[in-house]
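Structure file input18.txt with compact mmCIF, C-alpha atoms:
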```
# COMPACT_ATOMS: atom_id res chain seq x y z
CA MET A 1 0.00 0.00 0.00
CA LYS A 2 1.43 3.30 -1.13
CA LYS A 3 0.30 6.90 -1.05
CA ARG A 4 -1.55 6.89 -4.37
CA ASP A 5 -3.35 3.63 -3.47
CA ILE A 6 -5.01 5.34 -0.56
CA GLY A 7 -5.77 8.35 -2.75
CA ILE A 8 -7.46 6.11 -5.32
CA ILE A 9 -9.50 4.34 -2.63
CA ILE A 10 -10.71 7.64 -1.19
CA ILE A 11 -11.62 9.10 -4.61
CA VAL A 12 -13.45 5.93 -5.71
CA LEU A 13 -15.29 5.75 -2.40
CA ALA A 14 -16.37 9.38 -2.72
CA ILE A 15 -17.60 8.96 -6.32
CA ALA A 16 -19.45 5.76 -5.42
CA LEU A 17 -21.17 7.31 -2.41
CA ILE A 18 -22.16 10.42 -4.37
CA GLY A 19 -23.49 8.20 -7.16
CA ILE A 20 -25.49 6.04 -4.77
CA TYR A 21 -26.80 9.17 -3.02
CA PHE A 22 -28.11 10.54 -6.32
CA THR A 23 -29.68 7.27 -7.46
CA GLN A 24 -31.44 7.08 -4.09
CA LEU A 25 -32.45 10.76 -4.31
CA LYS A 26 -34.28 10.22 -7.60
CA LYS A 27 -36.66 7.93 -5.82
CA GLN A 28 -39.99 9.58 -5.10
CA PRO A 29 -41.58 8.44 -1.88
CA GLN A 30 -44.36 5.90 -2.43
CA THR A 31 -45.64 6.72 -5.87
CA GLU A 32 -47.49 4.31 -8.06
CA THR A 33 -45.04 1.83 -9.46
CA LYS A 34 -45.06 -0.73 -12.17
CA LEU A 35 -42.80 -3.52 -13.24
CA VAL A 36 -41.44 -3.27 -16.77
CA ILE A 37 -39.96 -6.35 -18.35
CA SER A 38 -37.97 -5.80 -21.52
CA ALA A 39 -36.51 -8.52 -23.66
CA MET A 40 -34.11 -8.01 -26.56
CA GLY A 41 -34.51 -4.22 -26.40
CA GLU A 42 -38.30 -4.18 -26.52
CA VAL A 43 -40.91 -3.95 -23.78
CA TYR A 44 -42.19 -7.44 -23.19
CA LYS A 45 -44.69 -6.89 -20.42
CA GLU A 46 -45.82 -4.26 -17.90
CA ILE A 47 -47.41 -5.07 -14.57
CA PRO A 48 -48.78 -2.51 -12.09
CA LEU A 49 -47.16 -3.08 -8.71
CA THR A 50 -48.75 -2.87 -5.30
CA LYS A 51 -47.90 -4.41 -1.98
CA GLU A 52 -50.35 -7.21 -2.76
CA THR A 53 -49.21 -8.07 -6.29
CA SER A 54 -48.46 -11.76 -6.56
CA GLU A 55 -47.76 -13.27 -9.91
CA VAL A 56 -45.55 -15.87 -11.52
CA PHE A 57 -44.71 -15.66 -15.20
CA THR A 58 -42.19 -16.74 -17.78
CA VAL A 59 -40.32 -14.51 -20.20
CA GLU A 60 -39.71 -16.54 -23.30
CA THR A 61 -37.60 -15.27 -26.18
CA ASP A 62 -35.44 -16.78 -28.89
CA LEU A 63 -32.49 -16.44 -26.53
CA GLY A 64 -33.91 -18.32 -23.58
CA LEU A 65 -36.26 -18.61 -20.65
CA ASN A 66 -36.50 -16.47 -17.53
CA LYS A 67 -38.99 -17.13 -14.78
CA VAL A 68 -40.02 -14.21 -12.58
CA LYS A 69 -41.95 -14.42 -9.36
CA ILE A 70 -43.72 -11.50 -7.68
CA LYS A 71 -44.81 -12.05 -4.13
CA ASP A 72 -46.34 -9.23 -2.07
CA GLY A 73 -44.79 -6.66 -4.42
CA ILE A 74 -41.29 -8.11 -4.19
CA ILE A 75 -39.78 -9.33 -7.44
CA LYS A 76 -37.38 -12.21 -7.80
CA MET A 77 -35.96 -13.94 -10.85
CA TYR A 78 -36.09 -17.49 -9.62
CA GLU A 79 -35.09 -19.44 -12.66
CA ALA A 80 -33.24 -18.86 -15.91
CA ASP A 81 -31.55 -21.03 -18.47
CA CYS A 82 -28.61 -18.65 -18.92
CA PRO A 83 -25.08 -19.99 -18.31
CA ASP A 84 -23.91 -17.55 -15.63
CA GLN A 85 -27.05 -17.45 -13.42
CA ILE A 86 -26.14 -13.96 -12.23
CA CYS A 87 -29.77 -12.83 -12.54
CA VAL A 88 -30.94 -15.71 -10.32
CA HIS A 89 -28.43 -14.84 -7.60
CA ASN A 90 -29.49 -11.20 -7.59
CA THR A 91 -31.28 -9.96 -4.48
CA PRO A 92 -35.06 -9.51 -4.78
CA ILE A 93 -36.11 -5.99 -5.81
CA ASP A 94 -39.09 -3.82 -4.87
CA GLU A 95 -38.05 -0.15 -5.11
CA VAL A 96 -38.14 2.31 -8.00
CA GLY A 97 -34.88 2.27 -9.94
CA GLN A 98 -33.89 -1.24 -8.98
CA MET A 99 -33.47 -3.81 -11.70
CA ILE A 100 -32.50 -7.36 -12.44
CA VAL A 101 -30.58 -7.86 -15.66
CA CYS A 102 -29.95 -11.12 -17.46
CA LEU A 103 -27.24 -10.34 -19.97
CA PRO A 104 -27.12 -13.60 -21.95
CA ASN A 105 -30.89 -13.65 -22.48
CA GLN A 106 -31.08 -9.86 -22.86
CA VAL A 107 -33.85 -9.56 -20.30
CA ILE A 108 -34.27 -6.54 -18.00
CA VAL A 109 -36.77 -6.48 -15.16
CA GLU A 110 -37.06 -3.03 -13.61
CA VAL A 111 -39.32 -1.18 -11.22
CA VAL A 112 -40.36 2.23 -12.55
CA SER A 113 -42.64 4.96 -11.27
CA THR A 114 -45.92 5.31 -13.15
CA ASN A 115 -45.70 9.10 -12.83
CA GLN A 116 -42.74 9.23 -15.17
CA ARG A 117 -43.81 9.26 -18.82
CA MET B 1 16.51 -18.50 -27.61
CA LYS B 2 16.42 -19.77 -24.09
CA ILE B 3 14.71 -16.62 -22.90
CA GLN B 4 12.12 -16.93 -25.66
CA THR B 5 11.20 -20.43 -24.54
CA ARG B 6 11.01 -19.38 -20.92
CA LYS B 7 8.74 -16.53 -21.91
CA LEU B 8 6.46 -18.76 -23.96
CA VAL B 9 6.10 -21.13 -21.04
CA PHE B 10 5.41 -18.21 -18.71
CA ILE B 11 2.69 -16.85 -21.04
CA SER B 12 0.96 -20.22 -21.38
CA MET B 13 1.17 -20.70 -17.64
CA LEU B 14 -0.49 -17.35 -17.00
CA VAL B 15 -3.32 -18.15 -19.42
CA ALA B 16 -3.88 -21.50 -17.71
CA GLN B 17 -3.75 -19.93 -14.25
CA ALA B 18 -6.19 -17.20 -15.21
CA MET B 19 -8.63 -19.80 -16.52
CA ILE B 20 -8.38 -21.92 -13.41
CA LEU B 21 -8.80 -18.86 -11.20
CA SER B 22 -11.99 -17.83 -12.99
CA TYR B 23 -13.22 -21.41 -12.69
CA ILE B 24 -12.52 -21.46 -8.94
CA GLU B 25 -14.30 -18.14 -8.69
CA SER B 26 -17.40 -19.56 -10.36
CA LEU B 27 -17.53 -22.17 -7.58
CA LEU B 28 -17.61 -19.50 -4.85
CA PRO B 29 -21.02 -18.20 -3.77
CA ALA B 30 -22.17 -15.38 -6.03
CA ILE B 31 -22.22 -11.79 -4.80
CA PRO B 32 -25.88 -10.68 -4.97
CA ILE B 33 -25.14 -7.49 -6.90
CA GLN B 34 -25.56 -7.47 -10.62
CA GLY B 35 -22.28 -8.02 -12.43
CA ALA B 36 -20.15 -8.07 -9.29
CA LYS B 37 -17.36 -10.57 -8.89
CA LEU B 38 -14.07 -11.01 -7.10
CA GLY B 39 -11.92 -10.90 -10.23
CA LEU B 40 -9.32 -13.47 -9.27
CA ALA B 41 -8.24 -13.80 -12.90
CA ASN B 42 -7.00 -10.24 -12.62
CA ILE B 43 -4.07 -11.57 -10.54
CA ALA B 44 -2.76 -13.24 -13.70
CA THR B 45 -3.28 -10.07 -15.73
CA LEU B 46 -1.38 -8.00 -13.16
CA LEU B 47 1.42 -10.55 -13.21
CA ALA B 48 1.51 -10.33 -16.99
CA LEU B 49 1.62 -6.53 -17.00
CA SER B 50 4.43 -6.48 -14.50
CA SER B 51 6.61 -9.07 -16.22
CA LEU B 52 5.76 -8.83 -19.91
CA ASN B 53 5.05 -6.09 -22.41
CA PHE B 54 1.64 -4.77 -23.41
CA LYS B 55 1.19 -6.91 -26.50
CA GLU B 56 1.92 -10.13 -24.65
CA SER B 57 -0.42 -9.11 -21.82
CA LEU B 58 -3.18 -8.41 -24.33
CA LEU B 59 -2.60 -11.84 -25.82
CA ILE B 60 -3.03 -13.41 -22.38
CA VAL B 61 -6.26 -11.52 -21.67
CA VAL B 62 -7.82 -12.34 -25.05
CA ALA B 63 -6.73 -15.98 -24.91
CA ARG B 64 -8.10 -16.55 -21.43
CA THR B 65 -11.47 -14.86 -22.06
CA VAL B 66 -12.03 -16.76 -25.32
CA LEU B 67 -10.92 -20.10 -23.85
CA SER B 68 -12.89 -19.59 -20.63
CA SER B 69 -16.08 -18.81 -22.54
CA PHE B 70 -15.53 -21.93 -24.63
CA MET B 71 -15.02 -24.20 -21.65
CA PHE B 72 -17.07 -22.89 -18.73
CA GLY B 73 -19.37 -20.31 -20.21
CA ASN B 74 -21.18 -19.55 -23.33
CA MET B 75 -20.30 -17.54 -26.39
CA THR B 76 -23.00 -14.93 -25.81
CA VAL B 77 -21.20 -13.64 -22.73
CA LEU B 78 -17.85 -13.52 -24.53
CA ILE B 79 -18.40 -9.97 -25.77
CA TYR B 80 -18.95 -8.78 -22.18
CA SER B 81 -15.88 -10.41 -20.71
CA LEU B 82 -13.74 -9.39 -23.68
CA SER B 83 -14.75 -5.72 -23.56
CA GLY B 84 -14.27 -5.59 -19.80
CA GLY B 85 -10.97 -7.44 -19.92
CA VAL B 86 -9.39 -5.36 -22.67
CA LEU B 87 -10.54 -2.03 -21.27
CA SER B 88 -9.28 -2.88 -17.79
CA LEU B 89 -5.95 -4.04 -19.22
CA LEU B 90 -5.56 -0.74 -21.05
CA ALA B 91 -6.37 1.26 -17.91
CA MET B 92 -3.98 -0.75 -15.76
CA TYR B 93 -1.22 -0.48 -18.36
CA LEU B 94 -1.53 3.31 -18.39
CA ILE B 95 -1.66 3.62 -14.60
CA LEU B 96 1.44 1.44 -14.27
CA LYS B 97 3.36 4.14 -16.15
CA LEU B 98 3.23 6.18 -12.94
CA PRO B 99 6.38 5.97 -10.83
CA LYS B 100 6.48 2.65 -8.96
CA SER B 101 7.25 4.34 -5.67
CA THR B 102 3.87 6.06 -5.49
CA ILE B 103 1.46 3.26 -6.41
CA SER B 104 1.23 -0.43 -5.64
CA TYR B 105 -0.84 -3.18 -7.26
CA VAL B 106 -3.70 -2.37 -4.90
CA GLY B 107 -4.41 0.92 -6.67
CA VAL B 108 -3.77 -0.61 -10.08
CA SER B 109 -6.17 -3.47 -9.45
CA ILE B 110 -8.92 -1.14 -8.19
CA ILE B 111 -8.56 0.94 -11.37
CA GLY B 112 -8.66 -2.28 -13.38
CA ALA B 113 -11.84 -3.42 -11.63
CA ILE B 114 -13.55 -0.08 -12.29
CA PHE B 115 -12.73 -0.13 -15.98
CA HIS B 116 -13.76 -3.76 -16.25
CA ASN B 117 -17.18 -2.74 -14.94
CA ALA B 118 -17.27 0.29 -17.22
CA GLY B 119 -16.55 -1.82 -20.29
CA GLN B 120 -19.14 -4.44 -19.44
CA LEU B 121 -21.84 -1.93 -18.54
CA SER B 122 -21.24 0.04 -21.74
CA VAL B 123 -21.61 -3.07 -23.87
CA ALA B 124 -24.72 -4.02 -21.89
CA VAL B 125 -26.18 -0.55 -22.52
CA LEU B 126 -25.52 -0.95 -26.25
CA VAL B 127 -26.85 -4.50 -26.50
CA LEU B 128 -29.90 -4.05 -24.29
CA GLN B 129 -30.65 -0.51 -25.49
CA ASN B 130 -31.26 0.71 -21.97
CA ILE B 131 -29.21 3.59 -20.58
CA LYS B 132 -30.49 2.97 -17.05
CA ILE B 133 -28.05 0.10 -16.68
CA TYR B 134 -25.43 2.73 -15.80
CA LEU B 135 -27.32 3.19 -12.51
CA LEU B 136 -25.67 -0.02 -11.33
CA TRP B 137 -22.22 1.54 -11.65
CA PRO B 138 -21.98 3.33 -8.25
CA TYR B 139 -22.65 0.04 -6.46
CA LEU B 140 -20.02 -1.73 -8.52
CA LEU B 141 -17.57 1.11 -7.80
CA LEU B 142 -18.13 0.64 -4.10
CA LEU B 143 -17.52 -3.08 -4.43
CA ALA B 144 -14.40 -2.55 -6.54
CA ILE B 145 -12.62 -1.29 -3.41
CA PRO B 146 -12.66 -4.51 -1.32
CA THR B 147 -12.22 -6.82 -4.33
CA GLY B 148 -9.46 -4.67 -5.78
CA LEU B 149 -7.79 -4.50 -2.39
CA PHE B 150 -7.82 -8.29 -2.10
CA VAL B 151 -6.52 -8.92 -5.61
CA GLY B 152 -3.95 -6.13 -5.28
CA LEU B 153 -2.57 -7.39 -1.96
CA VAL B 154 -2.27 -10.94 -3.32
CA SER B 155 -0.41 -9.59 -6.35
CA ASN B 156 1.88 -7.47 -4.19
CA TYR B 157 3.01 -10.49 -2.19
CA LEU B 158 3.16 -12.80 -5.19
CA LEU B 159 5.32 -10.40 -7.19
CA LYS B 160 7.71 -9.87 -4.32
CA TYR B 161 8.27 -13.63 -4.32
CA LEU B 162 8.57 -13.90 -8.10
CA ARG B 163 11.08 -11.06 -8.28
CA LYS B 164 13.30 -12.95 -5.85
CA ASN B 165 13.26 -15.83 -8.31
CA ASN B 166 14.09 -13.66 -11.31
CA PHE B 167 10.75 -13.85 -13.01
CA ASN B 168 11.02 -10.75 -15.11
CA PHE B 169 11.00 -10.69 -18.87
CA LYS B 170 10.90 -6.96 -19.24
CA ASP B 171 14.59 -6.22 -18.74
CA ASN B 172 16.25 -9.16 -20.42
CA ARG B 173 14.30 -9.03 -23.64
```

Show how you would write the structure in this file as structure tokens.
Amino acid sequence: MKKRDIGIIIIVLAIALIGIYFTQLKKQPQTETKLVISAMGEVYKEIPLTKETSEVFTVETDLGLNKVKIKDGIIKMYEADCPDQICVHNTPIDEVGQMIVCLPNQVIVEVVSTNQR
Amino acid sequence: MKIQTRKLVFISMLVAQAMILSYIESLLPAIPIQGAKLGLANIATLLALSSLNFKESLLIVVARTVLSSFMFGNMTVLIYSLSGGVLSLLAMYLILKLPKSTISYVGVSIIGAIFHNAGQLSVAVLVLQNIKIYLLWPYLLLLAIPTGLFVGLVSNYLLKYLRKNNFNFKDNR
């Protein structure tokens, strides 16, 4: 560990914290939210989200299968046929701005506010 | 001639080590943040950058990403690992031009991790046509600190040992 190492750590930490602060700031408190599922660059499905939403569905494209489960407004990708399984290991999401991405199957599941657009 | 053979063996060894390290990493429990990983294969890249020139290091990075995707992964993820790997190599190469007395492999490996993320996220934005993917970057930056620290410290100790055993192909080329 040398002088510039510590400098780099401090700068990176500062940028990361500022970035996280701003992504959190963009969140409006308790607006209407919906879940947008896009596959291969196009919107595949939109589901209005509430605390009670419970649904299980499959996103099927030419690239593969992704199974998404919504339970009490919390979204989890519970199964996918992609090789890396990164999307399956992702933590469940429920807040505006959070997303689960499956790169190999080109599937994005994100929570957005209905007030935007 | 003798040096050339030694170097060839060293390069092949680094490619093999990098592949094994990424395989071992795939056995570890996944970090539940999108796109986050420990980056153990970066140890081999750092070793390459410190002992070989840029072209040979690039060869190692390309060879290991292509071979790893063939063996353990899938060709669709090749473009992500390749873009991340090459961009991080470039960044680490440039930062290593700084005087050695001011920076160790800890800083270099953190920079490498950040640019690896940047490369992968940019390709993801292009492929998935969704700019919001960049929102994941601050979290990955934060995570780059502990993972980079770990990889950097390992490299620091490893290189100290290798130097003692005259593993350097930069000077006697």

Find the residues in chain A near chain B: any atom within 10 Å counts, using all atoms listed in the file. Write them as a ChimeraX atom specification. /A:1-10,12-23,38-42,63,82-92,97-108,110

Between A:Ile75, A:Ala80, A:Ile11, A:Leu25, smallest distance to A:Ile37 by only C-alpha atoms belongs to A:Ile75

Between A:Val96, A:Lys45, A:Ser113, A:Gln24, which is the closest to A:Glu60 once you count only C-alpha atoms? A:Lys45

Å distance separating atom CA of A:Val111 from atom CA of A:Phe57, one decimal place: 16.0 Å

Neighbour list for A:Thr114 as a PyMOL selection string, cut-off 9 Å, only C-alpha atoms, skip fewer than 5 positions in-chain: chain A and resi 31-34+48

For the selection just defined, write its residues with C-alpha atoms to a file, as a PDB file, in the frame of the given file.
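The resulting file, out_36.pdb, is shown below:
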```pdb
ATOM      1  CA  THR A  31     -45.640   6.720  -5.870  1.00  0.00           C
ATOM      2  CA  GLU A  32     -47.490   4.310  -8.060  1.00  0.00           C
ATOM      3  CA  THR A  33     -45.040   1.830  -9.460  1.00  0.00           C
ATOM      4  CA  LYS A  34     -45.060  -0.730 -12.170  1.00  0.00           C
ATOM      5  CA  PRO A  48     -48.780  -2.510 -12.090  1.00  0.00           C
TER       6      PRO A  48
END
```

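Atom CA of B:Arg163 to atom CA of B:Gly85 spans 25.2 Å [interatomic distance, one decimal].
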
Show which residues sit within 10 Å of stretch 6-15 of chain B, as number ranges by chain. Count all atoms listed in the file, and ignore same-chain residues fewer than 5 positions away. B: 1, 20-21, 41, 43-45, 47-48, 51-52, 56-57, 59-65, 67-68, 167-169, 173

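Between atom CA of B:Ile3 and atom CA of B:Met19 lies a distance of 24.4 Å.
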
I need the residue nearest B:Lys97 from this list: B:Tyr134, B:Leu49, B:Tyr161, B:Gly84. Use all atoms listed in the file for the distance. B:Leu49
